[in-house]
Amino acid sequence: MIAFQPLLLPNGTTLSNRIAKAAMEENLAAADQGPSDQLLRLYRAWAEGGAGLLLTGNVMIDRRAMTGPGGVALEDDGLLQRFRDWARIGRSRGAQFWMQLNHPGRQMQANLGQPTVAPSAVPLELGGLSKLFPVPRALSEEEIGELIQRFARAAELAEQAGFSGVQIHAAHGYLLSQFLSPLSNRRTDAWGGPLENRARLLLEVVKAVRARVSPGFCVAVKLNSADFQRGGFDASDAKQVVLWLNELDVDLVELSGGSYEAPAMQGDARDGRTLAREAYFLEFAAELAEVARMPLMVTGGVRRLPVVERVLTSGVAMVGIATALALAPDLPARWYAGEREAGAELAPIRWKNKALASLAYMSSVKFQLRRLAGGLRPQPGVWPLRALLAEQLKTARRTRQYKRQMAGLGL
Ligand SMILES: Cc1cc2nc3c(=O)[nH]c(=O)nc-3n(C[C@H](O)[C@H](O)[C@H](O)COP(=O)(O)O)c2cc1C
């Protein structure tokens, strides 16, 4: 079975199969933003689930800049033992375990009470929900330099903790993706303007990370195949960025798409080509595979083995799966054992308000993560409204806790 053939990466690392558990922000950090016992329990389920590669949910390189109040942050070695425990569990059954590193830029909620920074002072456009996100302040050149160092430091710490790689998150409208898009990056200095400048931050981050970790440690990038917004980062831009990444020592590029403004990663793409019911970004990925020197992984919409196999026979080396592995963490092991028909999916949420539907979808998946983290079985039939309300309540509580914690640190 092609899905269970090993994959050799450019740095000599071998992945035991072609299935990855894609990054899902868990919102399960302890009060100090380190990995909690619940988070560790969740990863035990995935470690035993049979995927050859596990990616953490996004880990923040700066505790002042969070995608949510319950996120994990890694900026110094203060909590390294907890990270060691996390790494040990993730790798306990032989999977590669990579930490995804992220900075939210302007996609950070106002109620966290921290200043929001971005390439330019361009606010998010989310209709009625826009006011939840403040107008960001444009980063200074000095701050950009500090950010590059933060990514490199977090990668170094991840290696010290025992992770086998990092993935730099440059997709989904977060900071690095904001730099790539001409809609959010209006800078006129060396970090804005032509694509060469807009891609500079990502490329500098990759170089700085690579320089700080050992050659056997994997360095990957998650990139949008497109933003799905008129005038935004598009497929030809993605191709050019992959050509530049070809020149750096990148071990894997994961392709996704979309942002908070246009959540294509949830299958809500504006572009007809990606409206395929399963494997949303496959067509782009197969095109890019012709020029990419590193293996490519495509993530979005995959939940059945025949689709995994279709992706892998189209020139793409790895398949990333998020939602289906929140509903059934052991899917790869079941496929391997011969249960070819096994699959898992949530019922589509067809609410008129797309932003709210997207939130409800995320909440329904996070609801499953919490159940797994509590040692319970997933509940794929959860009502989206129930999951949304439960998540809102938990987030409100975590937001208060985060603000208290930050105030205690004088931040
Ligand atoms: C609850 C949830 C949290 C997510 N968090 C992250 C994240 O932290 N980093 C990331 O790159 N993608 C994140 N994603 C996106 C997934 O990695 C993936 O790209 C997307 O869900 C499409 O794949 P799927 O159809 O298999 O779920 C998240 C998705 C969900 C549902």
# chains A, B, ... in the order shown; residues from 1 in each chain; ligands from 1

$ closest_atom_pairs --of "chain A" --to "ligand 1" --cutoff "9 Å" --atoms "only C-alpha atoms and all ligand atoms" --output "CSV"
residue,atom,partner,partner_atom_place_in_ligand_line,distance
A:Lys21,CA,ligand 1,17 (O),8.1
A:Ala22,CA,ligand 1,17 (O),4.6
A:Ala23,CA,ligand 1,17 (O),4.2
A:Met24,CA,ligand 1,5 (N),3.3
A:Glu25,CA,ligand 1,8 (O),3.7
A:Glu26,CA,ligand 1,3 (C),6.6
A:Asn27,CA,ligand 1,3 (C),8.9
A:Leu55,CA,ligand 1,9 (N),8.7
A:Thr56,CA,ligand 1,8 (O),7.4
A:Gly57,CA,ligand 1,8 (O),4.0
A:Asn58,CA,ligand 1,8 (O),3.9
A:Val59,CA,ligand 1,8 (O),7.5
A:Thr67,CA,ligand 1,8 (O),8.3
A:Gln100,CA,ligand 1,9 (N),7.0
A:Leu101,CA,ligand 1,9 (N),8.6
A:Asn102,CA,ligand 1,9 (N),8.0
A:Gln167,CA,ligand 1,11 (O),8.8
A:Ile168,CA,ligand 1,11 (O),8.9
A:His169,CA,ligand 1,11 (O),6.0
A:Ala170,CA,ligand 1,11 (O),8.2
A:Ala171,CA,ligand 1,11 (O),6.7
A:His172,CA,ligand 1,11 (O),7.0
A:Lys222,CA,ligand 1,11 (O),6.6
A:Leu223,CA,ligand 1,11 (O),8.8
A:Glu254,CA,ligand 1,19 (O),9.0
A:Leu255,CA,ligand 1,19 (O),8.3
A:Ser256,CA,ligand 1,19 (O),5.7
A:Gly257,CA,ligand 1,19 (O),7.7
A:Ala264,CA,ligand 1,22 (C),8.5
A:Met265,CA,ligand 1,22 (C),4.8
A:Gln266,CA,ligand 1,22 (C),5.5
A:Gly267,CA,ligand 1,25 (O),7.3
A:Glu278,CA,ligand 1,25 (O),8.2
A:Ala279,CA,ligand 1,25 (O),7.8
A:Tyr280,CA,ligand 1,25 (O),8.2
A:Val298,CA,ligand 1,19 (O),8.6
A:Thr299,CA,ligand 1,23 (O),5.1
A:Gly300,CA,ligand 1,23 (O),3.4
A:Gly301,CA,ligand 1,25 (O),3.5
A:Val302,CA,ligand 1,26 (O),5.3
A:Arg303,CA,ligand 1,26 (O),6.8
A:Gly320,CA,ligand 1,26 (O),6.5
A:Ile321,CA,ligand 1,26 (O),3.8
A:Ala322,CA,ligand 1,26 (O),3.7
A:Thr323,CA,ligand 1,27 (O),3.6
A:Ala324,CA,ligand 1,26 (O),6.0
A:Leu325,CA,ligand 1,26 (O),7.6
A:Ala326,CA,ligand 1,31 (C),8.3
A:Glu345,CA,ligand 1,25 (O),9.0
A:Tyr361,CA,ligand 1,31 (C),6.9
A:Met362,CA,ligand 1,1 (C),4.5
A:Ser363,CA,ligand 1,1 (C),6.5
A:Ser364,CA,ligand 1,1 (C),7.6
A:Val365,CA,ligand 1,1 (C),4.9
A:Lys366,CA,ligand 1,1 (C),4.8
A:Phe367,CA,ligand 1,1 (C),8.4
A:Gln368,CA,ligand 1,1 (C),8.8
A:Leu369,CA,ligand 1,1 (C),7.9

$ residues_around --residues "Glu290 of chain A" --least-positions-apart "4" --cutoff "9 Å" --atoms "only C-alpha atoms" --output "JSON, numbers by chain"
{"A": [285, 286, 315]}

$ closest_residue --among "A:Met1, A:Leu8, A:Leu112, A:Leu245" --to "Ala396 of chain A" --atoms "only C-alpha atoms"
A:Leu112

$ residues_around --residues "segment 125-132 of chain A" --least-positions-apart "4" --cutoff "12 Å" --atoms "only C-alpha atoms" --output "ChimeraX atom specification"
/A:106-113,116,136,173,183-184,229,259-263,353-356,358-359

$ write_last_selection --atoms "C-alpha atoms" --output "PDB file, in the first residue's frame"
ATOM      1  CA  ARG A 106      -3.061  40.675  12.953  1.00  0.00           C
ATOM      2  CA  GLN A 107      -5.073  37.478  13.476  1.00  0.00           C
ATOM      3  CA  MET A 108      -5.036  38.005  17.233  1.00  0.00           C
ATOM      4  CA  GLN A 109      -8.140  38.827  19.220  1.00  0.00           C
ATOM      5  CA  ALA A 110      -8.374  42.273  20.783  1.00  0.00           C
ATOM      6  CA  ASN A 111      -9.624  40.936  24.119  1.00  0.00           C
ATOM      7  CA  LEU A 112      -6.259  39.302  24.858  1.00  0.00           C
ATOM      8  CA  GLY A 113      -5.146  42.817  25.705  1.00  0.00           C
ATOM      9  CA  THR A 116      -1.167  43.555  17.662  1.00  0.00           C
ATOM     10  CA  PRO A 136      -2.494  46.234  13.862  1.00  0.00           C
ATOM     11  CA  GLY A 173      -3.194  34.411   7.100  1.00  0.00           C
ATOM     12  CA  LEU A 183      -3.340  42.735   0.502  1.00  0.00           C
ATOM     13  CA  SER A 184      -1.939  42.757   4.036  1.00  0.00           C
ATOM     14  CA  GLN A 229      -8.761  36.610  -2.295  1.00  0.00           C
ATOM     15  CA  SER A 259      -7.044  32.651   6.018  1.00  0.00           C
ATOM     16  CA  TYR A 260      -9.541  33.880   8.618  1.00  0.00           C
ATOM     17  CA  GLU A 261     -10.962  36.143   5.896  1.00  0.00           C
ATOM     18  CA  ALA A 262     -11.381  33.319   3.351  1.00  0.00           C
ATOM     19  CA  PRO A 263     -11.233  29.966   5.176  1.00  0.00           C
ATOM     20  CA  ASN A 353     -22.916  33.635   8.219  1.00  0.00           C
ATOM     21  CA  LYS A 354     -19.695  32.102   6.860  1.00  0.00           C
ATOM     22  CA  ALA A 355     -17.424  33.544   9.554  1.00  0.00           C
ATOM     23  CA  LEU A 356     -19.660  32.126  12.283  1.00  0.00           C
ATOM     24  CA  SER A 358     -16.177  28.641  10.300  1.00  0.00           C
ATOM     25  CA  LEU A 359     -15.932  29.304  14.050  1.00  0.00           C
TER      26      LEU A 359
END

$ select_by_dssp --residues "segment 126-224 of chain A" --states "strand (DSSP E or B)" --output "list in words"
Arg137, Ala138, Gly165, Val166, Gln167, Ile168, His169, Ala170, Cys218, Val219, Ala220, Val221, Lys222, Leu223 and Asn224 of chain A

$ write_last_selection --atoms "N, CA, C and O atoms" --output "short mmCIF file (atom, residue, chain, number, x, y, z; two decimals), in the first residue's frame"
data_model
loop_
_atom_site.label_atom_id
_atom_site.label_comp_id
_atom_site.auth_asym_id
_atom_site.auth_seq_id
_atom_site.Cartn_x
_atom_site.Cartn_y
_atom_site.Cartn_z
N ARG A 137 -0.46 47.38 14.36
CA ARG A 137 0.61 48.36 14.16
C ARG A 137 1.66 47.73 13.24
O ARG A 137 1.98 46.55 13.38
N ALA A 138 2.20 48.53 12.30
CA ALA A 138 3.22 47.99 11.39
C ALA A 138 4.51 47.74 12.16
O ALA A 138 4.93 48.57 12.98
N GLY A 165 11.75 17.83 14.62
CA GLY A 165 11.74 18.85 13.59
C GLY A 165 10.83 20.00 13.98
O GLY A 165 10.18 19.97 15.03
N VAL A 166 10.83 21.01 13.12
CA VAL A 166 9.87 22.12 13.28
C VAL A 166 9.21 22.37 11.94
O VAL A 166 9.78 22.08 10.89
N GLN A 167 8.04 22.92 12.02
CA GLN A 167 7.37 23.40 10.81
C GLN A 167 7.09 24.89 10.99
O GLN A 167 6.48 25.29 11.99
N ILE A 168 7.55 25.68 10.05
CA ILE A 168 7.33 27.13 10.12
C ILE A 168 5.99 27.42 9.44
O ILE A 168 5.78 27.07 8.27
N HIS A 169 5.10 28.05 10.19
CA HIS A 169 3.74 28.27 9.68
C HIS A 169 3.68 29.56 8.86
O HIS A 169 3.73 30.65 9.41
N ALA A 170 3.60 29.38 7.55
CA ALA A 170 3.53 30.56 6.67
C ALA A 170 2.23 30.54 5.88
O ALA A 170 2.15 31.08 4.78
N CYS A 218 14.64 18.14 11.27
CA CYS A 218 13.87 18.51 10.06
C CYS A 218 13.33 19.93 10.15
O CYS A 218 12.90 20.38 11.21
N VAL A 219 13.37 20.61 9.03
CA VAL A 219 12.80 21.96 8.94
C VAL A 219 11.80 21.96 7.79
O VAL A 219 12.15 21.67 6.64
N ALA A 220 10.55 22.23 8.12
CA ALA A 220 9.47 22.21 7.13
C ALA A 220 8.76 23.55 7.11
O ALA A 220 8.93 24.37 8.02
N VAL A 221 7.97 23.76 6.07
CA VAL A 221 7.21 25.02 5.93
C VAL A 221 5.78 24.66 5.56
O VAL A 221 5.55 23.77 4.75
N LYS A 222 4.82 25.37 6.16
CA LYS A 222 3.43 25.25 5.71
C LYS A 222 3.09 26.51 4.93
O LYS A 222 3.24 27.62 5.45
N LEU A 223 2.66 26.33 3.71
CA LEU A 223 2.48 27.45 2.79
C LEU A 223 1.09 27.39 2.18
O LEU A 223 0.58 26.31 1.89
N ASN A 224 0.51 28.56 1.93
CA ASN A 224 -0.75 28.59 1.20
C ASN A 224 -0.49 28.38 -0.29
O ASN A 224 0.42 29.00 -0.86
#

$ residues_around --residues "Arg377 of chain A" --least-positions-apart "4" --cutoff "12 Å" --atoms "only C-alpha atoms" --output "VMD selection string"
chain A and resid 42 45 326 to 330 367 to 373 381

$ write_last_selection --atoms "N, CA and C atoms" --output "PDB file, in the first residue's frame"
ATOM      1  N   LEU A  42      -3.688  13.745  24.906  1.00  0.00           N
ATOM      2  CA  LEU A  42      -4.165  13.847  23.522  1.00  0.00           C
ATOM      3  C   LEU A  42      -3.110  13.304  22.555  1.00  0.00           C
ATOM      4  N   ALA A  45      -2.795   9.559  22.222  1.00  0.00           N
ATOM      5  CA  ALA A  45      -3.771   8.949  21.292  1.00  0.00           C
ATOM      6  C   ALA A  45      -3.230   9.017  19.861  1.00  0.00           C
ATOM      7  N   ALA A 326      -9.004  14.060  14.459  1.00  0.00           N
ATOM      8  CA  ALA A 326      -9.591  14.503  15.729  1.00  0.00           C
ATOM      9  C   ALA A 326     -10.796  13.620  16.055  1.00  0.00           C
ATOM     10  N   LEU A 327     -11.460  13.147  14.999  1.00  0.00           N
ATOM     11  CA  LEU A 327     -12.641  12.302  15.184  1.00  0.00           C
ATOM     12  C   LEU A 327     -12.255  10.835  15.390  1.00  0.00           C
ATOM     13  N   ALA A 328     -11.155  10.445  14.785  1.00  0.00           N
ATOM     14  CA  ALA A 328     -10.705   9.041  14.874  1.00  0.00           C
ATOM     15  C   ALA A 328      -9.181   9.031  14.837  1.00  0.00           C
ATOM     16  N   PRO A 329      -8.535   9.218  15.979  1.00  0.00           N
ATOM     17  CA  PRO A 329      -7.067   9.350  15.985  1.00  0.00           C
ATOM     18  C   PRO A 329      -6.335   8.111  15.484  1.00  0.00           C
ATOM     19  N   ASP A 330      -7.026   6.975  15.478  1.00  0.00           N
ATOM     20  CA  ASP A 330      -6.352   5.737  15.069  1.00  0.00           C
ATOM     21  C   ASP A 330      -6.658   5.340  13.627  1.00  0.00           C
ATOM     22  N   PHE A 367     -13.853  20.543  20.239  1.00  0.00           N
ATOM     23  CA  PHE A 367     -14.672  19.766  21.172  1.00  0.00           C
ATOM     24  C   PHE A 367     -14.161  18.319  21.230  1.00  0.00           C
ATOM     25  N   GLN A 368     -13.799  17.780  20.060  1.00  0.00           N
ATOM     26  CA  GLN A 368     -13.282  16.398  20.001  1.00  0.00           C
ATOM     27  C   GLN A 368     -11.907  16.314  20.675  1.00  0.00           C
ATOM     28  N   LEU A 369     -11.088  17.358  20.440  1.00  0.00           N
ATOM     29  CA  LEU A 369      -9.746  17.344  21.031  1.00  0.00           C
ATOM     30  C   LEU A 369      -9.846  17.331  22.554  1.00  0.00           C
ATOM     31  N   ARG A 370     -10.784  18.122  23.084  1.00  0.00           N
ATOM     32  CA  ARG A 370     -10.960  18.151  24.541  1.00  0.00           C
ATOM     33  C   ARG A 370     -11.401  16.802  25.069  1.00  0.00           C
ATOM     34  N   ARG A 371     -12.296  16.146  24.316  1.00  0.00           N
ATOM     35  CA  ARG A 371     -12.750  14.826  24.769  1.00  0.00           C
ATOM     36  C   ARG A 371     -11.578  13.840  24.792  1.00  0.00           C
ATOM     37  N   LEU A 372     -10.797  13.820  23.727  1.00  0.00           N
ATOM     38  CA  LEU A 372      -9.643  12.905  23.683  1.00  0.00           C
ATOM     39  C   LEU A 372      -8.672  13.230  24.814  1.00  0.00           C
ATOM     40  N   ALA A 373      -8.479  14.526  25.047  1.00  0.00           N
ATOM     41  CA  ALA A 373      -7.535  14.956  26.089  1.00  0.00           C
ATOM     42  C   ALA A 373      -8.036  14.546  27.473  1.00  0.00           C
ATOM     43  N   GLY A 381     -21.120  13.525  16.290  1.00  0.00           N
ATOM     44  CA  GLY A 381     -22.456  14.084  16.082  1.00  0.00           C
ATOM     45  C   GLY A 381     -22.740  15.326  16.916  1.00  0.00           C
TER      46      GLY A 381
END

$ select_by_dssp --residues "segment 79-281 of chain A" --states "alpha helix (DSSP H)" --output "CSV table (one decimal) with N, CA and C atoms, in the first residue's frame"
chain,number,residue,atom,x,y,z
A,80,LEU,N,11.2,23.7,29.9
A,80,LEU,CA,11.7,22.7,28.9
A,80,LEU,C,11.3,21.3,29.3
A,81,GLN,N,11.3,21.0,30.6
A,81,GLN,CA,11.0,19.6,31.0
A,81,GLN,C,9.6,19.2,30.5
A,82,ARG,N,8.6,20.1,30.6
A,82,ARG,CA,7.3,19.8,30.1
A,82,ARG,C,7.3,19.5,28.5
A,83,PHE,N,8.1,20.3,27.9
A,83,PHE,CA,8.2,20.1,26.4
A,83,PHE,C,8.9,18.7,26.1
A,84,ARG,N,9.9,18.4,27.0
A,84,ARG,CA,10.5,17.1,26.8
A,84,ARG,C,9.5,15.9,27.0
A,85,ASP,N,8.6,16.1,28.0
A,85,ASP,CA,7.6,15.0,28.2
A,85,ASP,C,6.7,14.9,26.9
A,86,TRP,N,6.4,16.1,26.4
A,86,TRP,CA,5.5,16.1,25.2
A,86,TRP,C,6.2,15.4,24.0
A,87,ALA,N,7.5,15.8,23.8
A,87,ALA,CA,8.2,15.2,22.7
A,87,ALA,C,8.4,13.7,22.9
A,88,ARG,N,8.6,13.2,24.1
A,88,ARG,CA,8.8,11.8,24.4
A,88,ARG,C,7.5,11.1,24.0
A,89,ILE,N,6.4,11.6,24.4
A,89,ILE,CA,5.1,10.9,24.1
A,89,ILE,C,4.8,10.9,22.6
A,90,GLY,N,5.0,12.0,22.0
A,90,GLY,CA,4.8,12.1,20.5
A,90,GLY,C,5.6,11.1,19.8
A,91,ARG,N,6.8,10.9,20.2
A,91,ARG,CA,7.7,10.0,19.5
A,91,ARG,C,7.7,8.5,20.0
A,141,GLU,N,11.7,47.7,11.3
A,141,GLU,CA,12.7,46.7,10.8
A,141,GLU,C,13.4,46.0,12.0
A,142,GLU,N,13.6,46.8,13.1
A,142,GLU,CA,14.3,46.1,14.2
A,142,GLU,C,13.4,45.0,14.8
A,143,GLU,N,12.1,45.2,14.9
A,143,GLU,CA,11.2,44.2,15.4
A,143,GLU,C,11.2,43.0,14.5
A,144,ILE,N,11.3,43.2,13.2
A,144,ILE,CA,11.3,42.1,12.2
A,144,ILE,C,12.6,41.2,12.5
A,145,GLY,N,13.7,41.9,12.7
A,145,GLY,CA,14.9,41.2,13.1
A,145,GLY,C,14.7,40.3,14.3
A,146,GLU,N,14.1,40.9,15.3
A,146,GLU,CA,13.8,40.2,16.6
A,146,GLU,C,13.0,39.0,16.3
A,147,LEU,N,12.0,39.1,15.5
A,147,LEU,CA,11.1,38.0,15.2
A,147,LEU,C,11.8,36.8,14.6
A,148,ILE,N,12.7,37.2,13.6
A,148,ILE,CA,13.5,36.1,13.0
A,148,ILE,C,14.2,35.3,14.1
A,149,GLN,N,14.8,36.1,15.0
A,149,GLN,CA,15.6,35.4,16.1
A,149,GLN,C,14.7,34.6,17.0
A,150,ARG,N,13.4,35.1,17.2
A,150,ARG,CA,12.5,34.3,18.0
A,150,ARG,C,12.2,32.9,17.4
A,151,PHE,N,11.9,32.9,16.1
A,151,PHE,CA,11.7,31.7,15.4
A,151,PHE,C,12.9,30.7,15.6
A,152,ALA,N,14.1,31.3,15.4
A,152,ALA,CA,15.3,30.4,15.5
A,152,ALA,C,15.5,29.9,16.9
A,153,ARG,N,15.2,30.8,17.9
A,153,ARG,CA,15.4,30.3,19.3
A,153,ARG,C,14.4,29.2,19.6
A,154,ALA,N,13.1,29.4,19.2
A,154,ALA,CA,12.1,28.4,19.5
A,154,ALA,C,12.5,27.1,18.8
A,155,ALA,N,13.0,27.1,17.6
A,155,ALA,CA,13.4,25.9,16.9
A,155,ALA,C,14.5,25.2,17.7
A,156,GLU,N,15.5,26.0,18.2
A,156,GLU,CA,16.6,25.5,18.9
A,156,GLU,C,16.1,24.8,20.2
A,157,LEU,N,15.1,25.4,20.9
A,157,LEU,CA,14.6,24.9,22.1
A,157,LEU,C,13.8,23.6,21.8
A,158,ALA,N,13.1,23.6,20.6
A,158,ALA,CA,12.3,22.4,20.3
A,158,ALA,C,13.3,21.2,20.1
A,159,GLU,N,14.4,21.5,19.5
A,159,GLU,CA,15.4,20.4,19.3
A,159,GLU,C,15.9,19.9,20.7
A,160,GLN,N,16.2,20.9,21.5
A,160,GLN,CA,16.7,20.5,22.9
A,160,GLN,C,15.7,19.7,23.6
A,161,ALA,N,14.4,20.0,23.4
A,161,ALA,CA,13.4,19.3,24.1
A,161,ALA,C,13.2,17.9,23.5
A,175,LEU,N,1.2,35.7,10.6
A,175,LEU,CA,2.2,36.7,10.3
A,175,LEU,C,3.0,36.5,9.0
A,176,LEU,N,3.6,35.3,8.8
A,176,LEU,CA,4.4,35.1,7.7
A,176,LEU,C,3.6,35.2,6.4
A,177,SER,N,2.4,34.7,6.5
A,177,SER,CA,1.5,34.7,5.3
A,177,SER,C,1.0,36.1,5.1
A,178,GLN,N,0.8,36.9,6.1
A,178,GLN,CA,0.5,38.3,5.9
A,178,GLN,C,1.6,39.1,5.2
A,179,PHE,N,2.9,38.7,5.5
A,179,PHE,CA,4.0,39.3,4.7
A,179,PHE,C,3.9,38.9,3.3
A,180,LEU,N,3.5,37.7,3.0
A,180,LEU,CA,3.5,37.2,1.6
A,180,LEU,C,2.4,37.8,0.8
A,195,LEU,N,7.2,40.4,-4.9
A,195,LEU,CA,7.1,39.1,-4.2
A,195,LEU,C,8.5,38.8,-3.5
A,196,GLU,N,9.5,39.1,-4.2
A,196,GLU,CA,10.9,38.8,-3.7
A,196,GLU,C,11.0,39.5,-2.3
A,197,ASN,N,10.5,40.7,-2.1
A,197,ASN,CA,10.5,41.3,-0.8
A,197,ASN,C,9.5,40.8,0.2
A,198,ARG,N,8.3,40.4,-0.3
A,198,ARG,CA,7.3,39.9,0.6
A,198,ARG,C,7.7,38.5,1.1
A,200,ARG,N,10.7,37.7,1.7
A,200,ARG,CA,12.0,37.8,2.4
A,200,ARG,C,11.9,37.3,3.9
A,201,LEU,N,10.9,37.6,4.6
A,201,LEU,CA,10.8,37.2,6.0
A,201,LEU,C,10.7,35.7,6.1
A,202,LEU,N,9.9,35.1,5.3
A,202,LEU,CA,9.8,33.6,5.4
A,202,LEU,C,11.2,33.0,5.1
A,203,LEU,N,11.9,33.5,4.1
A,203,LEU,CA,13.1,32.9,3.7
A,203,LEU,C,14.2,33.2,4.7
A,204,GLU,N,14.2,34.4,5.3
A,204,GLU,CA,15.1,34.7,6.4
A,204,GLU,C,14.9,33.8,7.6
A,205,VAL,N,13.6,33.6,7.9
A,205,VAL,CA,13.3,32.7,9.1
A,205,VAL,C,13.8,31.3,8.8
A,206,VAL,N,13.5,30.8,7.6
A,206,VAL,CA,14.0,29.4,7.3
A,206,VAL,C,15.5,29.3,7.5
A,207,LYS,N,16.2,30.4,6.9
A,207,LYS,CA,17.7,30.3,7.0
A,207,LYS,C,18.2,30.4,8.5
A,208,ALA,N,17.5,31.3,9.2
A,208,ALA,CA,17.9,31.4,10.6
A,208,ALA,C,17.7,30.2,11.4
A,209,VAL,N,16.5,29.5,11.2
A,209,VAL,CA,16.2,28.3,11.9
A,209,VAL,C,17.2,27.2,11.5
A,210,ARG,N,17.4,27.1,10.2
A,210,ARG,CA,18.3,26.0,9.7
A,210,ARG,C,19.7,26.2,10.3
A,211,ALA,N,20.2,27.4,10.5
A,211,ALA,CA,21.5,27.7,11.0
A,211,ALA,C,21.6,27.3,12.5
A,212,ARG,N,20.5,27.3,13.2
A,212,ARG,CA,20.5,27.1,14.6
A,212,ARG,C,20.3,25.7,15.1
A,235,ALA,N,-1.5,31.2,-6.8
A,235,ALA,CA,-0.8,30.0,-7.1
A,235,ALA,C,0.6,30.2,-7.8
A,236,SER,N,0.7,31.2,-8.6
A,236,SER,CA,2.0,31.5,-9.3
A,236,SER,C,3.0,32.0,-8.2
A,237,ASP,N,2.5,32.8,-7.3
A,237,ASP,CA,3.4,33.3,-6.2
A,237,ASP,C,3.8,32.1,-5.4
A,238,ALA,N,2.9,31.1,-5.1
A,238,ALA,CA,3.3,30.0,-4.3
A,238,ALA,C,4.4,29.2,-5.0
A,239,LYS,N,4.2,29.1,-6.3
A,239,LYS,CA,5.2,28.3,-7.1
A,239,LYS,C,6.6,29.0,-7.0
A,240,GLN,N,6.6,30.3,-7.1
A,240,GLN,CA,7.9,31.0,-7.0
A,240,GLN,C,8.5,30.9,-5.6
A,241,VAL,N,7.7,30.9,-4.6
A,241,VAL,CA,8.2,30.7,-3.2
A,241,VAL,C,8.8,29.3,-3.0
A,242,VAL,N,8.1,28.4,-3.6
A,242,VAL,CA,8.7,27.0,-3.5
A,242,VAL,C,10.0,26.9,-4.3
A,243,LEU,N,10.1,27.6,-5.4
A,243,LEU,CA,11.4,27.7,-6.1
A,243,LEU,C,12.5,28.3,-5.2
A,244,TRP,N,12.2,29.3,-4.5
A,244,TRP,CA,13.2,29.9,-3.6
A,244,TRP,C,13.5,28.9,-2.5
A,245,LEU,N,12.5,28.3,-1.9
A,245,LEU,CA,12.7,27.3,-0.8
A,245,LEU,C,13.5,26.1,-1.3
A,246,ASN,N,13.5,25.9,-2.6
A,246,ASN,CA,14.3,24.8,-3.2
A,246,ASN,C,15.8,25.0,-2.9

$ atom_distance --atom1 "atom CA of Leu252 of chain A" --atom2 "atom CA of Met297 of chain A"
7.1 Å

$ atom_distance --atom1 "atom CA of Val307 of chain A" --atom2 "atom CA of Phe233 of chain A"
27.0 Å

$ closest_residue --among "A:Arg64, A:Asp76, A:Gln392, A:Gly193" --to "Leu409 of chain A" --atoms "only C-alpha atoms"
A:Arg64

$ atom_distance --atom1 "atom CA of Phe217 of chain A" --atom2 "atom CA of Phe97 of chain A"
10.6 Å

$ closest_residue --among "A:Pro10, A:Pro194, A:Thr188, A:Gly162" --to "Val253 of chain A" --atoms "only C-alpha atoms"
A:Pro10
